[in-house]
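Visitor: As input, take target-v2.txt (compact mmCIF, C-alpha atoms):
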```
# COMPACT_ATOMS: atom_id res chain seq x y z
CA MET A 1 13.14 88.77 -49.48
CA ARG A 2 14.52 85.77 -47.50
CA PRO A 3 15.42 82.66 -49.42
CA THR A 4 13.23 79.61 -48.77
CA ASP A 5 14.84 76.95 -46.48
CA HIS A 6 14.32 73.54 -48.07
CA SER A 7 16.49 71.71 -45.49
CA ALA A 8 13.42 70.70 -43.43
CA ASN A 9 11.97 68.79 -46.37
CA ARG A 10 15.26 67.27 -47.31
CA PHE A 11 15.52 63.46 -46.92
CA ASP A 12 17.32 62.43 -43.68
CA PRO A 13 18.96 58.96 -43.98
CA ARG A 14 19.60 58.81 -40.25
CA ARG A 15 15.87 58.97 -39.52
CA GLU A 16 15.22 56.09 -41.94
CA ARG A 17 17.95 53.99 -40.36
CA GLY A 18 16.42 54.59 -36.94
CA THR A 19 13.00 53.47 -38.15
CA VAL A 20 14.43 50.30 -39.66
CA LEU A 21 16.33 49.60 -36.45
CA VAL A 22 13.16 49.90 -34.38
CA ILE A 23 11.32 47.52 -36.71
CA VAL A 24 14.19 45.03 -36.53
CA LEU A 25 14.29 45.23 -32.72
CA VAL A 26 10.53 44.71 -32.44
CA THR A 27 10.74 41.76 -34.82
CA LEU A 28 13.59 40.26 -32.81
CA LEU A 29 11.60 40.76 -29.61
CA PHE A 30 8.55 38.90 -30.91
CA THR A 31 10.74 36.21 -32.45
CA THR A 32 12.58 35.74 -29.15
CA LEU A 33 9.31 35.49 -27.21
CA ALA A 34 7.94 32.95 -29.68
CA LEU A 35 11.16 30.96 -29.49
CA LEU A 36 11.12 30.98 -25.68
CA LEU A 37 7.52 29.76 -25.63
CA PHE A 38 8.38 27.03 -28.11
CA ILE A 39 11.43 25.96 -26.07
CA GLU A 40 9.38 25.90 -22.87
CA LYS A 41 6.69 23.73 -24.43
CA ALA A 42 9.23 21.48 -26.13
CA SER A 43 11.14 21.10 -22.86
CA THR A 44 7.97 20.11 -21.03
CA ASP A 45 7.09 17.57 -23.70
CA LEU A 46 10.64 16.25 -23.67
CA ILE A 47 10.62 15.89 -19.88
CA VAL A 48 7.36 13.94 -20.08
CA HIS A 49 8.81 11.58 -22.67
CA VAL A 50 12.02 11.15 -20.67
CA ARG A 51 10.08 10.40 -17.50
CA ASP A 52 7.89 7.90 -19.33
CA SER A 53 10.99 6.24 -20.73
CA ASP A 54 12.63 6.14 -17.28
CA ARG A 55 9.46 4.74 -15.77
CA ILE A 56 9.26 1.92 -18.31
CA ARG A 57 12.90 0.93 -17.80
CA LEU A 58 12.72 1.10 -14.00
CA ARG A 59 9.43 -0.77 -14.06
CA GLN A 60 11.03 -3.65 -15.94
CA GLU A 61 13.86 -3.69 -13.41
CA ALA A 62 11.37 -3.77 -10.52
CA TYR A 63 9.48 -6.75 -11.91
CA SER A 64 12.74 -8.58 -12.59
CA ALA A 65 13.77 -8.02 -8.96
CA LEU A 66 10.34 -9.20 -7.82
CA GLU A 67 10.80 -12.37 -9.87
CA THR A 68 14.11 -13.07 -8.14
CA THR A 69 12.62 -12.32 -4.72
CA LEU A 70 9.79 -14.79 -5.25
CA ALA A 71 12.24 -17.47 -6.34
CA VAL A 72 14.29 -16.97 -3.16
CA LEU A 73 11.16 -17.14 -1.00
CA VAL A 74 10.18 -20.41 -2.68
CA ASP A 75 13.61 -21.88 -1.88
CA PHE A 76 13.42 -20.90 1.78
CA ARG A 77 9.84 -22.11 2.07
CA GLU A 78 10.74 -25.53 0.67
CA VAL A 79 13.77 -25.93 2.94
CA ILE A 80 12.27 -24.56 6.17
CA GLY A 81 8.72 -25.76 5.61
CA GLY A 82 7.17 -22.29 5.75
CA LEU A 83 7.95 -18.60 6.07
CA HIS A 84 7.96 -17.23 9.60
CA SER A 85 10.03 -14.04 9.65
CA PRO A 86 12.69 -12.25 7.56
CA ALA A 87 15.01 -12.99 10.49
CA GLU A 88 15.22 -16.54 9.09
CA GLY A 89 17.72 -15.22 6.57
CA TRP A 90 15.72 -14.09 3.53
CA ALA A 91 15.69 -10.39 4.41
CA GLU A 92 18.17 -9.74 1.54
CA PRO A 93 16.72 -11.83 -1.30
CA LEU A 94 18.66 -10.14 -4.12
CA GLU A 95 21.95 -11.13 -2.51
CA TRP A 96 20.78 -14.71 -2.20
CA GLY A 97 19.67 -14.74 -5.81
CA ASP A 98 22.90 -13.10 -7.09
CA TYR A 99 20.78 -10.43 -8.71
CA GLU A 100 22.66 -7.65 -10.47
CA PRO A 101 20.68 -4.57 -11.59
CA GLU A 102 21.55 -2.60 -14.70
CA GLU A 103 24.55 -0.30 -14.38
CA GLY A 104 23.72 2.94 -12.58
CA ARG A 105 20.63 1.55 -10.86
CA GLU A 106 20.00 0.63 -7.25
CA VAL A 107 17.34 -1.89 -6.23
CA LYS A 108 16.08 -2.28 -2.67
CA VAL A 109 13.63 -4.93 -1.46
CA THR A 110 11.83 -4.68 1.88
CA PHE A 111 9.25 -6.91 3.57
CA VAL A 112 6.31 -6.24 5.87
CA ASP A 113 4.39 -9.11 7.44
CA GLU A 114 0.75 -8.10 6.98
CA SER A 115 -0.52 -11.05 9.04
CA GLY A 116 0.43 -9.70 12.46
CA ARG A 117 -3.04 -8.17 12.82
CA ILE A 118 -6.41 -9.66 13.69
CA PRO A 119 -8.85 -10.22 10.82
CA PHE A 120 -11.86 -7.94 11.20
CA SER A 121 -14.24 -10.83 10.55
CA SER A 122 -12.85 -12.88 13.46
CA LEU A 123 -13.26 -10.22 16.16
CA ASP A 124 -16.15 -10.68 18.58
CA PHE A 125 -17.70 -8.18 20.96
CA GLN A 126 -15.38 -8.88 23.88
CA MET A 127 -12.25 -8.77 21.74
CA TRP A 128 -13.28 -5.38 20.37
CA VAL A 129 -13.80 -4.11 23.92
CA VAL A 130 -10.39 -5.36 25.08
CA LEU A 131 -8.74 -3.82 22.02
CA PHE A 132 -10.32 -0.40 22.59
CA GLU A 133 -9.55 -0.48 26.30
CA SER A 134 -5.89 -1.15 25.47
CA TRP A 135 -5.98 2.23 23.69
CA GLY A 136 -7.13 3.91 26.90
CA VAL A 137 -10.82 4.11 25.92
CA ARG A 138 -13.33 3.91 28.78
CA GLU A 139 -15.20 0.63 29.11
CA PHE A 140 -18.60 2.26 28.44
CA ASP A 141 -17.37 3.86 25.21
CA ALA A 142 -15.46 0.72 24.19
CA GLU A 143 -18.66 -1.32 24.44
CA LYS A 144 -20.58 1.19 22.31
CA TRP A 145 -17.87 1.14 19.65
CA ALA A 146 -17.85 -2.66 19.71
CA ASP A 147 -21.64 -2.74 19.28
CA ALA A 148 -21.43 -0.31 16.36
CA LEU A 149 -18.86 -2.45 14.53
CA MET A 150 -20.61 -5.73 15.30
CA GLY A 151 -23.95 -4.31 14.19
CA TRP A 152 -22.39 -3.26 10.89
CA SER A 153 -20.61 -6.55 10.17
CA GLN A 154 -23.10 -9.14 11.45
CA GLU A 155 -26.69 -9.65 10.37
CA GLU A 156 -29.38 -9.53 13.05
CA TYR A 157 -26.86 -8.53 15.70
CA VAL A 158 -28.42 -7.51 19.02
CA ALA A 159 -26.56 -4.62 20.66
CA SER A 160 -25.74 -4.87 24.35
CA THR A 161 -25.56 -1.12 25.00
CA PHE A 162 -28.59 1.13 25.05
CA ASP A 163 -27.42 3.90 22.71
CA ALA A 164 -25.51 1.79 20.17
CA PRO A 165 -26.44 2.33 16.49
CA ARG A 166 -29.38 0.26 15.30
CA LEU A 167 -30.96 -0.54 11.96
CA GLU A 168 -33.54 2.24 12.21
CA ASP A 169 -30.75 4.79 12.72
CA TYR A 170 -29.36 3.94 9.28
CA GLU A 171 -32.82 3.88 7.72
CA ARG A 172 -33.42 7.45 8.93
CA ASP A 173 -30.27 8.61 7.16
CA PRO A 174 -30.97 11.02 4.25
CA LEU A 175 -29.69 8.32 1.88
CA GLY A 176 -31.51 5.53 3.71
CA PHE A 177 -29.40 2.36 3.74
CA ALA A 178 -28.87 -0.76 5.82
CA PRO A 179 -25.67 -2.26 7.27
CA PRO A 180 -24.21 -4.87 4.89
CA GLY A 181 -23.83 -7.60 7.49
CA ARG A 182 -20.20 -8.35 6.56
CA ALA A 183 -16.73 -7.03 7.31
CA PRO A 184 -15.75 -3.80 5.52
CA HIS A 185 -14.07 -4.10 2.15
CA SER A 186 -12.24 -0.79 2.63
CA TRP A 187 -11.22 1.31 5.60
CA GLU A 188 -13.14 4.19 4.06
CA GLU A 189 -16.27 2.19 4.89
CA LEU A 190 -15.79 3.29 8.51
CA ARG A 191 -17.14 6.68 7.45
CA ALA A 192 -20.55 5.09 6.95
CA ILE A 193 -20.74 3.41 10.37
CA ASP A 194 -22.77 5.43 12.84
CA LEU A 195 -20.82 6.53 15.94
CA ILE A 196 -17.55 5.21 14.50
CA ARG A 197 -17.38 8.00 11.91
CA ASP A 198 -17.53 10.56 14.73
CA GLU A 199 -14.83 8.85 16.80
CA PHE A 200 -12.35 7.82 14.10
CA PHE A 201 -12.35 11.03 12.02
CA ASP A 202 -11.85 14.66 13.06
CA GLU A 203 -14.06 17.64 12.25
CA THR A 204 -12.49 18.02 8.81
CA GLY A 205 -12.97 14.36 7.91
CA ARG A 206 -9.31 13.41 8.33
CA PRO A 207 -8.50 10.07 10.00
CA ASN A 208 -7.41 10.51 13.60
CA GLU A 209 -5.31 8.46 16.03
CA TYR A 210 -8.03 5.86 16.58
CA TYR A 211 -8.26 5.26 12.84
CA GLN A 212 -4.50 4.69 12.65
CA ARG A 213 -4.57 2.34 15.63
CA MET A 214 -7.37 0.39 14.01
CA GLN A 215 -5.27 -0.14 10.89
CA GLU A 216 -2.28 -1.19 13.00
CA SER A 217 -4.28 -3.79 14.95
CA VAL A 218 -6.93 -5.06 12.51
CA THR A 219 -6.78 -6.26 8.91
CA LEU A 220 -9.48 -6.56 6.26
CA LEU A 221 -7.91 -9.77 4.95
CA LYS A 222 -9.16 -13.16 6.09
CA TYR A 223 -6.93 -15.87 7.56
CA SER A 224 -7.10 -18.34 10.41
CA THR A 225 -4.33 -17.27 12.78
CA PRO A 226 -2.27 -14.07 13.02
CA ASN A 227 1.49 -14.54 13.01
CA ILE A 228 2.85 -13.87 16.48
CA ASN A 229 6.25 -13.07 14.94
CA ALA A 230 4.73 -9.83 13.63
CA ALA A 231 1.82 -9.36 16.04
CA SER A 232 0.90 -5.75 16.78
CA ASN A 233 0.35 -4.53 20.32
CA GLY A 234 -3.37 -4.34 19.69
CA ALA A 235 -3.47 -7.94 18.46
CA LEU A 236 -1.47 -9.13 21.46
CA ALA A 237 -3.85 -7.33 23.81
CA ALA A 238 -7.14 -8.31 22.16
CA LEU A 239 -6.34 -11.89 21.15
CA GLY A 240 -3.63 -12.92 23.60
CA ARG A 241 -4.66 -10.76 26.56
CA TYR A 242 -0.99 -9.88 26.98
CA ASP A 243 -0.20 -6.97 29.27
CA GLU A 244 2.28 -4.21 28.45
CA ASN A 245 5.22 -5.99 30.12
CA GLN A 246 4.64 -9.15 28.10
CA GLN A 247 4.28 -7.13 24.93
CA GLU A 248 7.58 -5.40 25.60
CA LEU A 249 9.34 -8.74 26.21
CA LEU A 250 8.05 -10.06 22.90
CA ARG A 251 9.12 -6.90 21.06
CA ASP A 252 12.61 -7.18 22.55
CA TYR A 253 12.93 -10.83 21.55
CA LEU A 254 11.61 -10.38 18.02
CA GLY A 255 13.52 -7.15 17.43
CA GLY A 256 16.75 -8.14 19.12
CA GLY A 257 16.51 -5.44 21.79
CA GLY A 258 16.75 -5.26 25.56
CA VAL A 259 18.17 -8.44 27.10
CA TYR A 260 18.19 -10.05 23.63
CA ARG A 261 20.39 -7.38 22.05
CA SER A 262 23.40 -9.70 21.84
CA GLN A 263 21.58 -12.45 19.91
CA GLY A 264 19.84 -10.24 17.35
CA PRO A 265 16.26 -10.50 16.05
CA GLY A 266 14.50 -13.74 16.93
CA TYR A 267 11.45 -15.60 15.67
CA PHE A 268 9.19 -18.51 16.58
CA THR A 269 8.59 -21.58 14.43
CA ASP A 270 6.29 -23.30 16.92
CA ALA A 271 3.66 -21.90 19.26
CA GLY A 272 5.19 -23.65 22.24
CA GLU A 273 8.40 -21.65 21.88
CA VAL A 274 6.67 -18.51 23.17
CA ALA A 275 6.87 -19.98 26.68
CA THR A 276 10.66 -19.67 26.54
CA VAL A 277 10.22 -15.90 26.44
CA LEU A 278 7.06 -15.24 28.45
CA GLY A 279 7.11 -18.25 30.76
CA ASP A 280 4.93 -21.33 31.04
CA GLN A 281 1.92 -19.25 32.04
CA ALA A 282 1.83 -17.55 28.66
CA VAL A 283 -1.04 -18.62 26.43
CA ILE A 284 -0.86 -17.99 22.69
CA GLU A 285 -4.18 -19.51 21.72
CA GLY A 286 -5.35 -17.96 18.47
CA PHE A 287 -1.85 -17.13 17.19
CA GLY A 288 0.27 -19.00 14.67
CA THR A 289 3.90 -18.70 13.66
CA GLU A 290 3.71 -18.65 9.84
CA ILE A 291 3.25 -15.66 7.57
CA GLN A 292 -0.25 -15.49 6.10
CA ALA A 293 0.23 -12.36 3.99
CA LEU A 294 3.54 -10.73 3.02
CA ARG A 295 4.04 -7.29 1.49
CA ILE A 296 7.04 -7.03 -0.82
CA THR A 297 8.19 -3.53 -1.76
CA VAL A 298 10.72 -3.11 -4.56
CA GLU A 299 12.25 0.35 -5.01
CA VAL A 300 14.40 1.07 -8.06
CA THR A 301 16.38 4.30 -8.35
CA GLN A 302 18.58 5.70 -11.09
CA GLY A 303 19.84 9.20 -10.48
CA ALA A 304 16.82 11.36 -9.66
CA ALA A 305 14.37 8.84 -11.15
CA SER A 306 12.65 6.39 -8.84
CA TYR A 307 10.00 3.69 -9.15
CA VAL A 308 8.28 1.67 -6.42
CA LEU A 309 6.43 -1.62 -6.82
CA SER A 310 4.48 -3.01 -3.85
CA VAL A 311 2.70 -6.36 -3.87
CA VAL A 312 1.01 -8.49 -1.20
CA ILE A 313 1.25 -12.25 -1.60
CA ALA A 314 -0.18 -15.15 0.38
CA PRO A 315 1.11 -18.74 0.66
CA PRO A 316 -1.23 -21.68 0.05
CA GLY A 317 -3.91 -21.68 2.72
CA GLY A 318 -2.93 -18.15 3.74
CA ALA A 319 -4.79 -14.86 3.59
CA ALA A 320 -7.64 -14.09 1.24
CA PRO A 321 -9.79 -11.01 0.59
CA ASN A 322 -13.18 -10.77 2.23
CA ALA A 323 -15.64 -12.88 0.29
CA THR A 324 -18.10 -11.05 -1.93
CA GLU A 325 -20.94 -12.07 -4.16
CA PRO A 326 -19.54 -13.30 -7.50
CA ILE A 327 -20.08 -11.11 -10.53
CA PRO A 328 -22.35 -12.87 -13.04
CA GLU A 329 -20.59 -14.13 -16.14
CA ARG A 330 -21.00 -11.94 -19.18
CA GLU A 331 -22.39 -13.46 -22.31
CA SER A 332 -20.63 -12.98 -25.62
CA LEU A 333 -22.39 -12.17 -28.86
CA ASN A 334 -22.96 -15.87 -29.58
CA GLY A 335 -24.70 -16.35 -26.24
CA GLN A 336 -21.89 -18.28 -24.56
CA ALA A 337 -20.32 -17.20 -21.30
CA GLU A 338 -16.96 -15.52 -21.67
CA THR A 339 -13.97 -17.17 -20.02
CA GLU A 340 -10.62 -15.82 -19.00
CA SER A 341 -7.97 -16.43 -21.61
CA ALA A 342 -5.08 -16.01 -19.18
CA THR A 343 -4.45 -19.20 -17.21
CA ARG A 344 -1.00 -18.45 -15.87
CA ASN A 345 -0.21 -17.85 -12.24
CA PRO A 346 -1.46 -14.37 -11.16
CA ILE A 347 2.03 -13.23 -10.17
CA ILE A 348 3.48 -14.15 -13.55
CA ALA A 349 0.49 -12.82 -15.44
CA ALA A 350 0.81 -9.44 -13.71
CA ALA A 351 4.53 -9.29 -14.34
CA ALA A 352 4.08 -10.29 -17.95
CA MET A 353 1.47 -7.61 -18.56
CA ALA A 354 3.74 -5.05 -16.95
CA ILE A 355 6.77 -5.72 -19.13
CA ALA A 356 4.96 -6.70 -22.30
CA GLY A 357 5.36 -4.65 -25.43
CA PRO A 358 2.64 -2.64 -27.17
CA GLY A 359 1.31 -5.81 -28.78
CA GLY A 360 1.04 -7.60 -25.46
CA GLU A 361 3.93 -9.93 -26.28
CA ASP A 362 6.51 -11.05 -23.72
CA ASP A 363 9.29 -13.59 -23.44
CA LEU A 364 8.14 -15.20 -20.18
CA PRO A 365 7.48 -18.94 -20.37
CA ASP A 366 3.96 -20.11 -19.71
CA SER A 367 5.07 -22.83 -17.29
CA ILE A 368 6.58 -20.67 -14.53
CA GLU A 369 4.60 -21.12 -11.32
CA TYR A 370 4.99 -19.96 -7.73
CA PRO A 371 3.04 -21.25 -4.71
CA PHE A 372 1.76 -17.77 -3.87
CA THR A 373 -1.46 -15.89 -4.49
CA LEU A 374 -1.28 -12.24 -5.48
CA LEU A 375 -3.62 -10.28 -3.19
CA SER A 376 -2.77 -6.76 -4.31
CA ILE A 377 -0.36 -4.84 -6.51
CA GLN A 378 0.50 -1.16 -6.36
CA GLU A 379 2.82 0.86 -8.57
CA MET A 380 4.09 4.26 -7.47
CA ASP A 381 6.38 6.86 -8.96
CA ALA A 382 8.87 8.70 -6.77
CA ALA A 383 6.55 11.64 -6.08
CA ASP A 384 3.69 9.37 -5.03
CA HIS A 385 5.97 7.29 -2.82
CA ILE A 386 7.43 10.35 -1.08
CA ALA A 387 3.93 11.77 -0.56
CA ARG A 388 2.78 8.53 1.07
CA LEU A 389 5.81 8.40 3.35
CA THR A 390 5.31 12.06 4.31
CA GLN A 391 1.65 11.47 5.07
CA ALA A 392 2.50 8.46 7.23
CA PHE A 393 5.17 10.47 9.07
CA ASP A 394 2.78 13.37 9.67
CA THR A 395 0.16 10.97 11.01
CA GLU A 396 2.60 9.42 13.44
```
How does the structure come out when it is put into structure tokens?
Guide:
Amino acid sequence: MRPTDHSANRFDPRRERGTVLVIVLVTLLFTTLALLLFIEKASTDLIVHVRDSDRIRLRQEAYSALETTLAVLVDFREVIGGLHSPAEGWAEPLEWGDYEPEEGREVKVTFVDESGRIPFSSLDFQMWVVLFESWGVREFDAEKWADALMGWSQEEYVASTFDAPRLEDYERDPLGFAPPGRAPHSWEELRAIDLIRDEFFDETGRPNEYYQRMQESVTLLKYSTPNINAASNGALAALGRYDENQQELLRDYLGGGGVYRSQGPGYFTDAGEVATVLGDQAVIEGFGTEIQALRITVEVTQGAASYVLSVVIAPPGGAAPNATEPIPERESLNGQAETESATRNPIIAAAAMAIAGPGGEDDLPDSIEYPFTLLSIQEMDAADHIARLTQAFDTE
């Protein structure tokens, strides 16, 4: 009789150690995964807070630089009697104002004269036709486009072309509407204008070359005379009837190119001075020499962080938005009309709101005033700014 082997039932410490090791490894695995997820979420939250903090600091810097820029413009305006072109010497306002940004930051200020274009509301049928023909559009099509735009912006307009859009065409639209009888308030409004929406947008609804040329030549702001120092080719053609050779001469003089390369960028302070460039036969009726609307762009960078502030200002008697019907005053609970509590200059009020603390408090004095009207204000982070520049580059 064989003895019974009890070794198989005997306790094996190595097997127990292996089981414990597996449990420990599994626990470590889950702990590591949980820790990684926590770190990822915490990193994302931290990045958001850091970006918000950077944005607030750079935003304050941008508004401070804007304040200095406005002060420099006021000085030049008082000495010269008006602003005509950055070539007058105020192209580097921060240097003039001895402005020093915080350590590690770079601040750049650029200007764009927005008054070199023709106000939409001042264009008549013939000016529209000349403008479109300067783009290479056939006369027949140019007249139809002009009728479409005039019919949209003027009440009881009578079209001169047979197949131009008419009131009944809009009434037959599925939504059924009527032209407003005023200049557009937004370029997107072109999508609603019959015929124009087919010519200024492609099959996918993206703005095409004609749309871009329209924006380069025409503005939705209102002012009396475009500034010839910044006049676009379309404005020179439609308003001044200047041919391509005259346009090129003006560009060379204003930009310091061609035969004017040695003297640098030029500018006009009086309408009669244009004759010194184009000859006595040149007529500049309808143009002025002062800036009516000026875009100021302030870009602040610190390392990889960037912030862009863009505002459009107008001098006294300068540009203004298209007039609209006033919004009725709201009544408060006691039946009295509410009034605005802020009475400070719009530029200062906007800057104060931007740099104010959570309680709305700021250290700006109430008496600061500038002789400018704020027409628009736009704030962009680095990603938005790069996207806009890329889109503009792709369009060109």
Visitor: Rank nothing, just name the residue among A:Glu171, A:Glu199, A:Asp113, A:Glu369 nearest to A:Trp145, using all atoms listed in the file.
Guide: A:Glu199
Visitor: So how far away is atom CA of A:Phe372 from atom CA of A:Gly317, in Å?
Guide: 9.5 Å
Visitor: Which residues are close to A:Ala238, i.e. within 7 Å by only C-alpha atoms, leaving aside same-chain residues fewer than 6 positions away? Reply as a list in words.
Guide: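 Answer for this query is Met127, Val130 and Leu131 of chain A.
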Visitor: For A:Gly136, which residue among A:Tyr267, A:Tyr223, A:Phe177, A:Tyr210 is the nearest when counting only C-alpha atoms?
Guide: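 Checking each of A:Tyr267, A:Tyr223, A:Phe177, A:Tyr210 against A:Gly136, counting only C-alpha atoms, the winner is A:Tyr210.
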Visitor: Set the distance at 10 Å and use all atoms listed in the file: which residues neighbour A:Gly286 once local chain neighbours fewer than 2 positions away are removed? I'd like the list as a list in words.
Guide: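 What passes the distance filter is Ile118, Ser224, Thr225, Pro226, Asn227, Ile228, Leu239, Gly240, Ala271, Val283, Ile284 and Gly288 of chain A.
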Visitor: Have a look at A:Gln302, A:Ser376, A:Gln292, A:Ser153 and name the one nearest to A:Arg55; count all atoms listed in the file.
Guide: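 Of the candidates, the smallest distance to A:Arg55 is held by A:Gln302.
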Visitor: What does the distance from atom CA of A:Leu236 to atom CA of A:Gly279 come to in Å, to one decimal?
Guide: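 Atom-to-atom, atom CA of A:Leu236 to atom CA of A:Gly279, that is 15.6 Å.
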Visitor: Give me, please, the distance in Å between atom CA of A:Glu155 and atom CA of A:Glu209, quoted to one decimal.
Guide: 28.6 Å
Visitor: Write out as a list in words each polymer residue whose atoms come within 10 Å of stretch 160-162 of chain A, counting only C-alpha atoms; drop sequence neighbours fewer than 6 positions from it.
Guide: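 So, after excluding close chain neighbours, the residues are Phe125, Phe140, Asp141, Glu143, Lys144, Trp145, Ala146, Asp147 and Ala148 of chain A.
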Visitor: Would you write out those residues with C-alpha atoms, as a PDB file, in the coordinates of the input?
Guide:
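Wrote it out as out.pdb, contents follow:
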```pdb
ATOM      1  CA  PHE A 125     -17.700  -8.180  20.960  1.00  0.00           C
ATOM      2  CA  PHE A 140     -18.600   2.260  28.440  1.00  0.00           C
ATOM      3  CA  ASP A 141     -17.370   3.860  25.210  1.00  0.00           C
ATOM      4  CA  GLU A 143     -18.660  -1.320  24.440  1.00  0.00           C
ATOM      5  CA  LYS A 144     -20.580   1.190  22.310  1.00  0.00           C
ATOM      6  CA  TRP A 145     -17.870   1.140  19.650  1.00  0.00           C
ATOM      7  CA  ALA A 146     -17.850  -2.660  19.710  1.00  0.00           C
ATOM      8  CA  ASP A 147     -21.640  -2.740  19.280  1.00  0.00           C
ATOM      9  CA  ALA A 148     -21.430  -0.310  16.360  1.00  0.00           C
TER      10      ALA A 148
END
```
Visitor: What lies within 9 Å of A:Arg59 using all atoms listed in the file, ignoring chain neighbours under 3 positions off, as a PyMOL selection string?
Guide: chain A and resi 54-56+62-64+300+307-309+354-355+379
Visitor: Which residue is closest to A:Gly318? Choose from A:Thr27, A:Leu83, A:Leu70, A:Gln263 and count only C-alpha atoms.
Guide: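 Checking each of A:Thr27, A:Leu83, A:Leu70, A:Gln263 against A:Gly318, counting only C-alpha atoms, the winner is A:Leu83.
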Visitor: Hey, what's within 12 Å of A:Val311 if we count all atoms listed in the file and toss same-chain stuff fewer than 3 positions away? As a PyMOL selection string, please?
Guide: chain A and resi 62-63+66-67+69-70+109-114+293-299+308+314+346-347+350-351+372-380
Visitor: With C-alpha atoms kept, could you save the residues just selected as a PDB file, keeping the file's coordinate frame?
Guide:
```
ATOM      1  CA  ALA A  62      11.370  -3.770 -10.520  1.00  0.00           C
ATOM      2  CA  TYR A  63       9.480  -6.750 -11.910  1.00  0.00           C
ATOM      3  CA  LEU A  66      10.340  -9.200  -7.820  1.00  0.00           C
ATOM      4  CA  GLU A  67      10.800 -12.370  -9.870  1.00  0.00           C
ATOM      5  CA  THR A  69      12.620 -12.320  -4.720  1.00  0.00           C
ATOM      6  CA  LEU A  70       9.790 -14.790  -5.250  1.00  0.00           C
ATOM      7  CA  VAL A 109      13.630  -4.930  -1.460  1.00  0.00           C
ATOM      8  CA  THR A 110      11.830  -4.680   1.880  1.00  0.00           C
ATOM      9  CA  PHE A 111       9.250  -6.910   3.570  1.00  0.00           C
ATOM     10  CA  VAL A 112       6.310  -6.240   5.870  1.00  0.00           C
ATOM     11  CA  ASP A 113       4.390  -9.110   7.440  1.00  0.00           C
ATOM     12  CA  GLU A 114       0.750  -8.100   6.980  1.00  0.00           C
ATOM     13  CA  ALA A 293       0.230 -12.360   3.990  1.00  0.00           C
ATOM     14  CA  LEU A 294       3.540 -10.730   3.020  1.00  0.00           C
ATOM     15  CA  ARG A 295       4.040  -7.290   1.490  1.00  0.00           C
ATOM     16  CA  ILE A 296       7.040  -7.030  -0.820  1.00  0.00           C
ATOM     17  CA  THR A 297       8.190  -3.530  -1.760  1.00  0.00           C
ATOM     18  CA  VAL A 298      10.720  -3.110  -4.560  1.00  0.00           C
ATOM     19  CA  GLU A 299      12.250   0.350  -5.010  1.00  0.00           C
ATOM     20  CA  VAL A 308       8.280   1.670  -6.420  1.00  0.00           C
ATOM     21  CA  ALA A 314      -0.180 -15.150   0.380  1.00  0.00           C
ATOM     22  CA  PRO A 346      -1.460 -14.370 -11.160  1.00  0.00           C
ATOM     23  CA  ILE A 347       2.030 -13.230 -10.170  1.00  0.00           C
ATOM     24  CA  ALA A 350       0.810  -9.440 -13.710  1.00  0.00           C
ATOM     25  CA  ALA A 351       4.530  -9.290 -14.340  1.00  0.00           C
ATOM     26  CA  PHE A 372       1.760 -17.770  -3.870  1.00  0.00           C
ATOM     27  CA  THR A 373      -1.460 -15.890  -4.490  1.00  0.00           C
ATOM     28  CA  LEU A 374      -1.280 -12.240  -5.480  1.00  0.00           C
ATOM     29  CA  LEU A 375      -3.620 -10.280  -3.190  1.00  0.00           C
ATOM     30  CA  SER A 376      -2.770  -6.760  -4.310  1.00  0.00           C
ATOM     31  CA  ILE A 377      -0.360  -4.840  -6.510  1.00  0.00           C
ATOM     32  CA  GLN A 378       0.500  -1.160  -6.360  1.00  0.00           C
ATOM     33  CA  GLU A 379       2.820   0.860  -8.570  1.00  0.00           C
ATOM     34  CA  MET A 380       4.090   4.260  -7.470  1.00  0.00           C
TER      35      MET A 380
END
```
Visitor: I'd like to know which of A:Pro371, A:Pro101, A:Pro184, A:Pro119 is closest to A:Thr219, using all atoms listed in the file.
Guide: A:Pro119
